[in-house]
Amino acid sequence: MVQHALDRGYEVVGVCRAESVGKLDGFKGRITIVPGATDDREVIERAVAGCDGVLVVLVPRGVHGYSTGTAQAVLDHAPPGARLVFSCGWHITRDGQDVYPWKIKAIVKVLGPLARLMRFADLDDQVEACRRVFASDTRWTVVRGSDLEEGESQGLPMWSRHVGDPILASNRTRRVDFALFMVEALENDELVHEAPAIVGRQAPSARG
């Protein structure tokens, strides 16, 4: 995602956990790093100051409202009119019109509670985070990603408003292209107040 942004000439400010800052050494001198947690309101306030756009990965880590805290901090501190692009999984629904395959239903109903019991992750936290984004009057987009895979870029992913659309059936997107869609959304006003569910451009279902 950082490289996609730099390729487009953006000035990049990133929030990264202090223990992981070293992973960004490849971008040293080209980006500004604010060490800290993304649900730390003071960290987010510093990071988004003066930004025209904010890319947010909503991670349901732990059981203490990490995603919700992250989303709320961005909603509260991003400059007025800033373009806000959030990411999550297909399991998030905006209007209840999504039709989910059995695999996603199983993950939400079985693995979701298990992950919370083990205090590893809380999918309900991501649901609440997105609910707050949907209810806000900001210029938001929530990008809902399919299962991810590694590999070379296949181009900008295809998208649909609802899971269940045949174009999404392959449920595969290259990780690099998920990031590409996030960055491209910054300047695509057609995606304002949309929650696109995406799939790889070269996935069988996308090719028809």
# chains A, B, ... in the order shown; residues from 1 in each chain; ligands from 1
call {"tool": "residues_around", "arguments": {"residues": "range 29-37 of chain A", "least_positions_apart": "3", "cutoff": "8 Å", "atoms": "only C-alpha atoms", "output": "ChimeraX atom specification"}}
result
/A:11-18,21,40,43,46-47
call {"tool": "write_last_selection", "arguments": {"atoms": "C-alpha atoms", "output": "mmCIF file, in the first residue's frame"}}
result
data_model
loop_
_atom_site.group_PDB
_atom_site.id
_atom_site.type_symbol
_atom_site.label_atom_id
_atom_site.label_comp_id
_atom_site.auth_asym_id
_atom_site.auth_seq_id
_atom_site.Cartn_x
_atom_site.Cartn_y
_atom_site.Cartn_z
ATOM 1 C CA GLU A 11 3.365 12.267 0.751
ATOM 2 C CA VAL A 12 2.952 9.300 3.095
ATOM 3 C CA VAL A 13 2.590 9.309 6.874
ATOM 4 C CA GLY A 14 2.177 5.873 8.419
ATOM 5 C CA VAL A 15 1.223 4.633 11.871
ATOM 6 C CA CYS A 16 3.102 1.508 12.900
ATOM 7 C CA ARG A 17 3.523 -0.342 16.173
ATOM 8 C CA ALA A 18 6.885 0.609 17.691
ATOM 9 C CA VAL A 21 8.912 0.036 12.650
ATOM 10 C CA ASP A 40 -4.341 5.527 20.231
ATOM 11 C CA VAL A 43 -1.135 8.983 17.741
ATOM 12 C CA ARG A 46 -0.728 13.542 14.969
ATOM 13 C CA ALA A 47 -0.658 11.215 11.985
#
call {"tool": "residues_around", "arguments": {"residues": "Ala197 in chain A", "least_positions_apart": "5", "cutoff": "8 Å", "atoms": "only C-alpha atoms", "output": "VMD selection string"}}
result
chain A and resid 90 143 to 146 159 to 163 168
call {"tool": "write_last_selection", "arguments": {"atoms": "C-alpha atoms", "output": "PDB file, in the first residue's frame"}}
result
ATOM      1  CA  TRP A  90     -16.641  -9.675   3.212  1.00  0.00           C
ATOM      2  CA  VAL A 143     -13.440  -1.846   1.002  1.00  0.00           C
ATOM      3  CA  ARG A 144     -14.505  -5.424   1.749  1.00  0.00           C
ATOM      4  CA  GLY A 145     -11.826  -7.887   0.775  1.00  0.00           C
ATOM      5  CA  SER A 146     -12.135 -11.512  -0.312  1.00  0.00           C
ATOM      6  CA  TRP A 159     -16.167  -5.047  -7.294  1.00  0.00           C
ATOM      7  CA  SER A 160     -19.838  -5.383  -6.493  1.00  0.00           C
ATOM      8  CA  ARG A 161     -22.132  -3.773  -3.948  1.00  0.00           C
ATOM      9  CA  HIS A 162     -23.173  -7.143  -2.558  1.00  0.00           C
ATOM     10  CA  VAL A 163     -21.538 -10.451  -1.697  1.00  0.00           C
ATOM     11  CA  LEU A 168     -17.290 -12.477  -6.706  1.00  0.00           C
TER      12      LEU A 168
END
call {"tool": "residues_around", "arguments": {"residues": "range 198-203 of chain A", "least_positions_apart": "2", "cutoff": "12 Å", "atoms": "only C-alpha atoms", "output": "ChimeraX atom specification"}}
result
/A:87-90,142-182,194-196,205-208
call {"tool": "select_by_dssp", "arguments": {"residues": "range 58-181 of chain A", "states": "strand (DSSP E)", "output": "PyMOL selection string"}}
result
chain A and resi 83-89+139-145+147-149+158-160+172-174
call {"tool": "residues_around", "arguments": {"residues": "Asp52 in chain A", "least_positions_apart": "5", "cutoff": "12 Å", "atoms": "only C-alpha atoms", "output": "ChimeraX atom specification"}}
result
/A:10-13,47,78-85,139,186-187
